file my_file08.cif (mmCIF, C-alpha atoms)
data_query
#
loop_
_atom_site.label_atom_id
_atom_site.label_comp_id
_atom_site.auth_asym_id
_atom_site.auth_seq_id
_atom_site.Cartn_x
_atom_site.Cartn_y
_atom_site.Cartn_z
CA MET A 1 -34.62 -123.99 29.30
CA GLY A 2 -32.04 -122.45 31.62
CA VAL A 3 -28.86 -124.04 32.89
CA GLU A 4 -28.84 -124.95 36.57
CA ILE A 5 -25.79 -123.49 38.33
CA ARG A 6 -24.67 -124.08 41.89
CA GLN A 7 -21.63 -123.20 43.95
CA ALA A 8 -19.19 -126.09 44.35
CA GLY A 9 -17.56 -127.16 47.59
CA GLU A 10 -14.78 -129.45 48.76
CA SER A 11 -16.95 -132.52 48.21
CA ASP A 12 -16.92 -131.73 44.48
CA ARG A 13 -13.15 -131.60 44.22
CA GLU A 14 -12.48 -135.06 42.77
CA ALA A 15 -15.13 -134.72 40.07
CA LEU A 16 -13.99 -131.20 39.18
CA VAL A 17 -10.36 -132.26 38.86
CA ARG A 18 -11.46 -134.91 36.36
CA LEU A 19 -13.45 -132.30 34.46
CA LEU A 20 -10.56 -129.83 34.34
CA ASP A 21 -8.20 -132.60 33.28
CA ALA A 22 -10.42 -133.68 30.39
CA ALA A 23 -11.30 -130.16 29.24
CA PHE A 24 -7.69 -128.92 29.10
CA MET A 25 -5.91 -132.11 28.06
CA ASP A 26 -5.29 -130.83 24.52
CA ASP A 27 -5.22 -127.12 25.35
CA PRO A 28 -2.23 -125.33 23.74
CA VAL A 29 -0.83 -124.20 27.09
CA SER A 30 -1.19 -127.61 28.76
CA SER A 31 0.43 -129.21 25.72
CA TRP A 32 3.35 -126.79 26.03
CA VAL A 33 3.80 -127.38 29.76
CA PHE A 34 3.66 -131.17 29.29
CA PRO A 35 4.68 -131.97 25.69
CA ASP A 36 4.51 -135.73 26.14
CA ARG A 37 0.83 -136.67 26.18
CA VAL A 38 1.32 -139.86 28.18
CA HIS A 39 3.17 -137.94 30.88
CA ARG A 40 0.55 -135.19 30.70
CA GLY A 41 -2.12 -137.76 31.41
CA ARG A 42 -0.36 -138.72 34.63
CA VAL A 43 0.29 -135.26 36.08
CA HIS A 44 -2.16 -132.87 34.44
CA GLY A 45 -4.93 -133.33 37.01
CA ALA A 46 -2.60 -132.57 39.90
CA PHE A 47 -1.37 -129.47 38.05
CA LEU A 48 -4.84 -128.01 37.54
CA GLY A 49 -5.97 -129.20 40.95
CA VAL A 50 -3.84 -126.47 42.54
CA PHE A 51 -5.89 -123.84 40.68
CA LEU A 52 -9.04 -125.52 41.92
CA ASP A 53 -7.85 -125.59 45.52
CA VAL A 54 -7.07 -121.86 45.40
CA ALA A 55 -10.52 -121.06 44.02
CA LEU A 56 -12.31 -123.31 46.53
CA ARG A 57 -10.39 -121.74 49.41
CA GLU A 58 -10.14 -118.10 48.36
CA GLY A 59 -12.71 -117.54 45.63
CA ARG A 60 -15.78 -119.10 44.09
CA VAL A 61 -16.30 -122.21 41.98
CA ASP A 62 -19.53 -122.41 39.98
CA VAL A 63 -20.61 -125.69 38.39
CA THR A 64 -23.55 -126.71 36.25
CA GLY A 65 -26.10 -128.96 37.88
CA ASP A 66 -25.00 -131.98 35.83
CA GLY A 67 -21.30 -131.34 36.52
CA SER A 68 -20.43 -130.85 32.85
CA ALA A 69 -18.93 -127.35 33.18
CA THR A 70 -17.26 -125.25 35.83
CA ALA A 71 -15.89 -121.73 36.27
CA LEU A 72 -13.24 -120.71 38.82
CA TRP A 73 -13.31 -117.10 40.02
CA LEU A 74 -11.16 -114.99 42.32
CA GLN A 75 -11.84 -111.47 43.60
CA VAL A 76 -8.62 -109.51 43.15
CA PRO A 77 -8.25 -106.33 45.23
CA ALA A 78 -6.62 -103.16 43.97
CA GLY A 79 -2.91 -102.73 44.70
CA LEU A 80 0.11 -104.95 44.40
CA PRO A 81 0.07 -108.10 46.57
CA GLU A 82 1.96 -107.78 49.83
CA GLU A 83 3.48 -111.24 49.36
CA GLU A 84 4.71 -113.09 46.30
CA ASP A 85 2.16 -115.54 44.92
CA ASP A 86 3.43 -119.04 45.61
CA THR A 87 0.81 -120.75 43.43
CA PRO A 88 3.15 -121.30 40.44
CA ALA A 89 5.73 -122.99 42.67
CA ARG A 90 3.03 -125.15 44.27
CA MET A 91 1.77 -126.20 40.84
CA ARG A 92 5.23 -127.35 39.86
CA GLU A 93 5.78 -129.13 43.16
CA ALA A 94 2.41 -130.88 43.05
CA ALA A 95 2.58 -132.03 39.44
CA ASP A 96 6.08 -132.17 38.00
CA PRO A 97 8.94 -130.88 40.20
CA ASP A 98 11.59 -131.27 37.49
CA ASN A 99 9.56 -129.36 34.89
CA GLU A 100 10.37 -125.63 34.92
CA ARG A 101 7.47 -124.92 32.58
CA ALA A 102 4.98 -126.04 35.22
CA GLU A 103 5.98 -122.97 37.23
CA LEU A 104 6.95 -120.59 34.45
CA VAL A 105 3.47 -120.28 32.95
CA GLY A 106 2.13 -118.94 36.24
CA ARG A 107 5.08 -116.58 36.68
CA LEU A 108 4.64 -115.07 33.23
CA THR A 109 0.90 -114.55 33.52
CA GLY A 110 1.39 -113.08 36.98
CA GLU A 111 3.81 -110.49 35.61
CA VAL A 112 1.16 -108.96 33.33
CA HIS A 113 -1.83 -109.28 35.66
CA PRO A 114 -3.27 -105.78 36.29
CA HIS A 115 -3.48 -104.58 39.88
CA ASP A 116 -4.53 -100.96 39.56
CA ARG A 117 -8.24 -101.74 40.08
CA ALA A 118 -10.19 -104.38 41.97
CA HIS A 119 -11.71 -106.93 39.60
CA GLU A 120 -13.20 -110.38 39.15
CA TYR A 121 -10.63 -112.82 37.75
CA LEU A 122 -11.86 -115.76 35.71
CA LEU A 123 -9.08 -118.16 36.62
CA LEU A 124 -10.34 -121.10 34.55
CA ILE A 125 -13.48 -122.22 32.80
CA ALA A 126 -13.90 -125.81 31.70
CA VAL A 127 -16.57 -127.62 29.70
CA SER A 128 -16.61 -131.37 29.23
CA PRO A 129 -15.31 -132.19 25.72
CA ASP A 130 -18.58 -133.91 24.78
CA ARG A 131 -20.64 -130.85 25.79
CA GLN A 132 -18.63 -128.08 24.17
CA GLY A 133 -20.46 -125.81 21.76
CA GLU A 134 -23.72 -125.89 23.74
CA GLY A 135 -23.33 -122.49 25.39
CA LEU A 136 -22.56 -123.85 28.86
CA GLY A 137 -19.51 -121.64 29.27
CA THR A 138 -21.51 -118.51 28.53
CA ALA A 139 -24.27 -119.67 30.89
CA LEU A 140 -21.70 -119.98 33.68
CA ILE A 141 -19.97 -116.67 33.04
CA GLN A 142 -22.93 -114.41 32.33
CA PRO A 143 -24.39 -114.25 35.87
CA VAL A 144 -21.03 -113.07 37.24
CA LEU A 145 -20.69 -110.50 34.46
CA ASP A 146 -24.22 -109.27 35.16
CA ARG A 147 -23.23 -108.79 38.79
CA CYS A 148 -20.08 -106.97 37.69
CA ASP A 149 -22.23 -104.63 35.61
CA ARG A 150 -24.58 -103.93 38.52
CA ASP A 151 -21.70 -103.29 40.93
CA GLY A 152 -19.44 -101.42 38.50
CA VAL A 153 -16.66 -104.03 38.74
CA PRO A 154 -14.38 -104.98 35.83
CA ALA A 155 -13.39 -108.55 34.99
CA TYR A 156 -10.18 -110.13 33.72
CA LEU A 157 -9.01 -113.42 32.19
CA GLU A 158 -6.28 -114.96 30.07
CA ALA A 159 -7.39 -116.61 26.84
CA SER A 160 -5.25 -119.62 25.98
CA SER A 161 -6.14 -119.58 22.29
CA ALA A 162 -7.25 -117.08 19.67
CA ARG A 163 -10.50 -119.05 19.27
CA SER A 164 -11.45 -118.73 22.92
CA GLY A 165 -10.50 -115.06 22.79
CA LYS A 166 -13.12 -114.47 20.11
CA LEU A 167 -15.75 -116.09 22.32
CA TYR A 168 -14.81 -113.80 25.21
CA GLU A 169 -14.96 -110.75 22.94
CA ARG A 170 -18.65 -111.47 22.43
CA LEU A 171 -19.09 -111.20 26.21
CA GLY A 172 -17.53 -107.75 26.29
CA PHE A 173 -13.87 -108.58 26.96
CA ALA A 174 -11.13 -106.77 25.03
CA PHE A 175 -7.54 -107.82 24.43
CA THR A 176 -4.94 -105.86 26.37
CA ASP A 177 -1.52 -104.91 25.01
CA ARG A 178 0.32 -107.35 27.29
CA ARG A 179 0.38 -110.64 25.38
CA VAL A 180 2.12 -113.52 27.15
CA ASP A 181 4.63 -115.32 24.92
CA LEU A 182 5.55 -118.73 26.29
CA PRO A 183 9.17 -119.56 25.30
CA ASP A 184 9.13 -121.64 22.11
CA GLY A 185 5.43 -122.13 22.69
CA PRO A 186 1.95 -120.66 22.24
CA HIS A 187 0.70 -117.24 23.18
CA MET A 188 -1.77 -116.27 25.88
CA TRP A 189 -4.01 -113.24 25.55
CA PRO A 190 -4.93 -111.27 28.70
CA MET A 191 -8.39 -109.73 28.33
CA TRP A 192 -10.18 -107.03 30.32
CA ARG A 193 -13.87 -106.21 30.54
CA GLU A 194 -15.23 -102.89 31.73
CA PRO A 195 -18.64 -103.03 33.42
CA VAL A 196 -21.39 -102.03 31.01
CA ALA A 197 -22.51 -99.10 33.15
CA GLN A 198 -19.05 -97.54 32.81
CA ARG A 199 -18.79 -97.80 29.03
CA LEU A 200 -19.55 -94.76 26.93
CA PRO A 201 -21.93 -95.22 23.99
CA GLY A 202 -20.14 -96.17 20.81
CA LEU A 203 -16.85 -97.02 22.48
CA ALA A 204 -15.25 -100.42 22.77
CA PRO A 205 -14.26 -101.84 26.17
CA VAL A 206 -11.11 -100.22 27.53
CA ALA A 207 -7.88 -102.20 27.53
CA VAL A 208 -5.53 -101.78 30.47
CA ASN A 209 -1.87 -102.20 31.17
CA GLY A 210 -0.58 -104.44 33.93
#
call {"tool": "encode", "arguments": {"input": "my_file08.cif", "output": "structure tokens"}}
result
Amino acid sequence: MGVEIRQAGESDREALVRLLDAAFMDDPVSSWVFPDRVHRGRVHGAFLGVFLDVALREGRVDVTGDGSATALWLQVPAGLPEEEDDTPARMREAADPDNERAELVGRLTGEVHPHDRAHEYLLLIAVSPDRQGEGLGTALIQPVLDRCDRDGVPAYLEASSARSGKLYERLGFAFTDRRVDLPDGPHMWPMWREPVAQRLPGLAPVAVNG
């Protein structure tokens, strides 16, 4: 039986913030940004809500029919942005103005984000903690990757743990050589996926530099 997927809108925002909050509450990066779990519980939703607002306004948000999983996508054009991305600053302002880490994580990932080719950017994917391991994440991602393959478009993401990176490898993503090292914290692994039609037989997906 297939997984029902629909495109989310503004009316879904509150429910999706709760989903993102729950799914990433114990994520290594979230735990680094907000080391105190009680404090994290107060501000974490507002922090991730900025990502959601960007995707709702500028990209695409897919959600399963039962609301248990969501994927946030942005289409990134080729070429360096004409203006500096203010999303990291807005995340800090919205969630925790005195916490430099709330802005730094976005700055560091932005520095290694590739801009030489247009691509689909998987900003975040979240699955409800009680539904993880059921293949919902793959069900959400695969239709976009199939479209990338048809259109000859690469895809990009940042894995926040080695475990999630292994899952993405099975979908055709490859680690790049631009690992993000959070100061005194965990690592993040940028990953790139070439469209299937552009891969040569017997070769692994091509990694790119930022």
call {"tool": "closest_residue", "arguments": {"input": "my_file08.cif", "among": "A:Leu167, A:Val33, A:Leu108, A:Val127", "to": "Asp85 (chain A)", "atoms": "all atoms listed in the file"}}
result
A:Leu108
call {"tool": "residues_around", "arguments": {"input": "my_file08.cif", "residues": "Gly135 (chain A)", "least_positions_apart": "2", "cutoff": "12 Å", "atoms": "all atoms listed in the file", "output": "list in words"}}
result
Gly2, Val3, Thr64, Ser68, Ala69, Ala126, Val127, Ser128, Arg131, Gln132, Gly133, Gly137, Thr138, Ala139, Leu140, Ile141, Gln142 and Leu167 of chain A
call {"tool": "atom_distance", "arguments": {"input": "my_file08.cif", "atom1": "CA of Glu10 (chain A)", "atom2": "CA of Asp53 (chain A)"}}
result
8.6 Å
call {"tool": "closest_residue", "arguments": {"input": "my_file08.cif", "among": "A:Ala78, A:Val50, A:Leu171, A:Val17", "to": "Pro143 (chain A)", "atoms": "all atoms listed in the file"}}
result
A:Leu171
call {"tool": "atom_distance", "arguments": {"input": "my_file08.cif", "atom1": "CA of Leu72 (chain A)", "atom2": "CA of Leu52 (chain A)"}}
result
7.1 Å
call {"tool": "closest_residue", "arguments": {"input": "my_file08.cif", "among": "A:Ala71, A:Cys148, A:Ala8, A:Ala95", "to": "Gly41 (chain A)", "atoms": "only C-alpha atoms"}}
result
A:Ala95
call {"tool": "resolve_selection", "arguments": {"input": "my_file08.cif", "expression": "the PyMOL selection byres ((chain A and resi 170) around 12)", "output": "count of residues only"}}
result
19
call {"tool": "resolve_selection", "arguments": {"input": "my_file08.cif", "expression": "the PyMOL selection byres ((chain A and resi 179-184) around 10)", "output": "list in words"}}
result
Val29, Trp32, Val33, Arg101, Leu104, Val105, Leu108, Thr109, Gly110, Glu111, Val112, Glu158, Ala159, Ser160, Phe175, Thr176, Asp177, Arg178, Gly185, Pro186, His187, Met188, Trp189, Pro190 and Met191 of chain A
call {"tool": "atom_distance", "arguments": {"input": "my_file08.cif", "atom1": "CA of Glu84 (chain A)", "atom2": "CA of Ala155 (chain A)"}}
result
21.8 Å
call {"tool": "closest_residue", "arguments": {"input": "my_file08.cif", "among": "A:Val61, A:Ala118, A:Leu123, A:Leu48", "to": "Val76 (chain A)", "atoms": "only C-alpha atoms"}}
result
A:Ala118
call {"tool": "closest_residue", "arguments": {"input": "my_file08.cif", "among": "A:Phe47, A:Pro28, A:Leu56, A:Arg40", "to": "Asp12 (chain A)", "atoms": "only C-alpha atoms"}}
result
A:Leu56
call {"tool": "closest_residue", "arguments": {"input": "my_file08.cif", "among": "A:Ala15, A:Met25, A:Met91, A:Val63", "to": "Phe51 (chain A)", "atoms": "only C-alpha atoms"}}
result
A:Met91
call {"tool": "resolve_selection", "arguments": {"input": "my_file08.cif", "expression": "the PyMOL selection byres ((chain A and resi 153) around 10)", "output": "list in words"}}
result
Arg117, Ala118, His119, Glu120, Leu145, Asp146, Arg147, Cys148, Asp149, Arg150, Asp151, Gly152, Pro154, Ala155, Arg193, Glu194, Pro195, Val196, Ala197 and Gln198 of chain A
call {"tool": "decode", "arguments": {"input": "my_file08.cif", "residues": "region 9-87 of chain A", "atoms": "C-alpha atoms", "output": "tab-separated table (two decimals), in the first residue's frame"}}
result
chain	number	residue	atom	x	y	z
A	9	GLY	CA	0.15	25.05	2.85
A	10	GLU	CA	0.02	27.79	5.46
A	11	SER	CA	-2.92	26.12	7.21
A	12	ASP	CA	-0.60	23.21	8.05
A	13	ARG	CA	2.04	25.37	9.70
A	14	GLU	CA	1.15	24.79	13.35
A	15	ALA	CA	0.97	21.02	12.98
A	16	LEU	CA	4.20	20.90	10.98
A	17	VAL	CA	6.09	22.98	13.55
A	18	ARG	CA	5.05	20.45	16.20
A	19	LEU	CA	6.23	17.62	13.95
A	20	LEU	CA	9.60	19.24	13.27
A	21	ASP	CA	10.01	20.01	16.96
A	22	ALA	CA	9.38	16.40	18.00
A	23	ALA	CA	11.43	14.83	15.22
A	24	PHE	CA	14.55	16.93	15.85
A	25	MET	CA	14.34	17.36	19.61
A	26	ASP	CA	17.23	14.95	20.24
A	27	ASP	CA	19.05	15.50	16.94
A	28	PRO	CA	22.81	16.06	17.43
A	29	VAL	CA	22.73	19.50	15.81
A	30	SER	CA	19.68	20.70	17.76
A	31	SER	CA	21.28	19.42	20.95
A	32	TRP	CA	24.42	21.40	20.15
A	33	VAL	CA	22.53	24.60	19.37
A	34	PHE	CA	20.45	24.30	22.55
A	35	PRO	CA	22.41	22.16	25.06
A	36	ASP	CA	19.87	22.55	27.85
A	37	ARG	CA	16.93	20.30	26.99
A	38	VAL	CA	14.39	22.29	28.99
A	39	HIS	CA	15.39	25.48	27.20
A	40	ARG	CA	15.40	23.59	23.90
A	41	GLY	CA	11.83	22.56	24.53
A	42	ARG	CA	10.81	26.21	24.81
A	43	VAL	CA	12.55	27.61	21.73
A	44	HIS	CA	13.18	24.71	19.36
A	45	GLY	CA	9.86	24.99	17.52
A	46	ALA	CA	10.39	28.66	16.78
A	47	PHE	CA	13.90	27.89	15.54
A	48	LEU	CA	12.77	25.25	13.04
A	49	GLY	CA	9.67	27.24	12.17
A	50	VAL	CA	11.87	29.71	10.28
A	51	PHE	CA	13.01	26.88	7.98
A	52	LEU	CA	9.38	25.93	7.47
A	53	ASP	CA	8.34	29.47	6.64
A	54	VAL	CA	11.09	29.73	4.01
A	55	ALA	CA	10.01	26.47	2.39
A	56	LEU	CA	6.31	27.37	2.45
A	57	ARG	CA	7.05	30.76	0.89
A	58	GLU	CA	9.85	29.96	-1.54
A	59	GLY	CA	9.87	26.20	-2.04
A	60	ARG	CA	7.74	23.15	-1.52
A	61	VAL	CA	6.62	21.29	1.59
A	62	ASP	CA	5.40	17.72	1.13
A	63	VAL	CA	3.56	15.93	3.94
A	64	THR	CA	2.12	12.46	4.32
A	65	GLY	CA	-1.63	12.21	4.39
A	66	ASP	CA	-1.69	11.42	8.11
A	67	GLY	CA	0.72	14.26	8.94
A	68	SER	CA	3.37	11.93	10.37
A	69	ALA	CA	6.23	12.99	8.06
A	70	THR	CA	7.23	16.02	6.05
A	71	ALA	CA	9.96	17.09	3.63
A	72	LEU	CA	11.01	20.70	2.96
A	73	TRP	CA	12.50	21.45	-0.47
A	74	LEU	CA	13.99	24.51	-2.14
A	75	GLN	CA	14.99	24.95	-5.78
A	76	VAL	CA	18.43	26.54	-5.78
A	77	PRO	CA	19.51	28.27	-9.01
A	78	ALA	CA	23.04	28.20	-10.37
A	79	GLY	CA	25.31	31.08	-9.38
A	80	LEU	CA	26.12	32.82	-6.15
A	81	PRO	CA	23.17	34.61	-4.47
A	82	GLU	CA	22.97	38.31	-5.18
A	83	GLU	CA	22.15	39.03	-1.53
A	84	GLU	CA	23.37	37.50	1.71
A	85	ASP	CA	20.96	34.91	3.12
A	86	ASP	CA	19.40	36.38	6.24
A	87	THR	CA	17.78	33.10	7.32
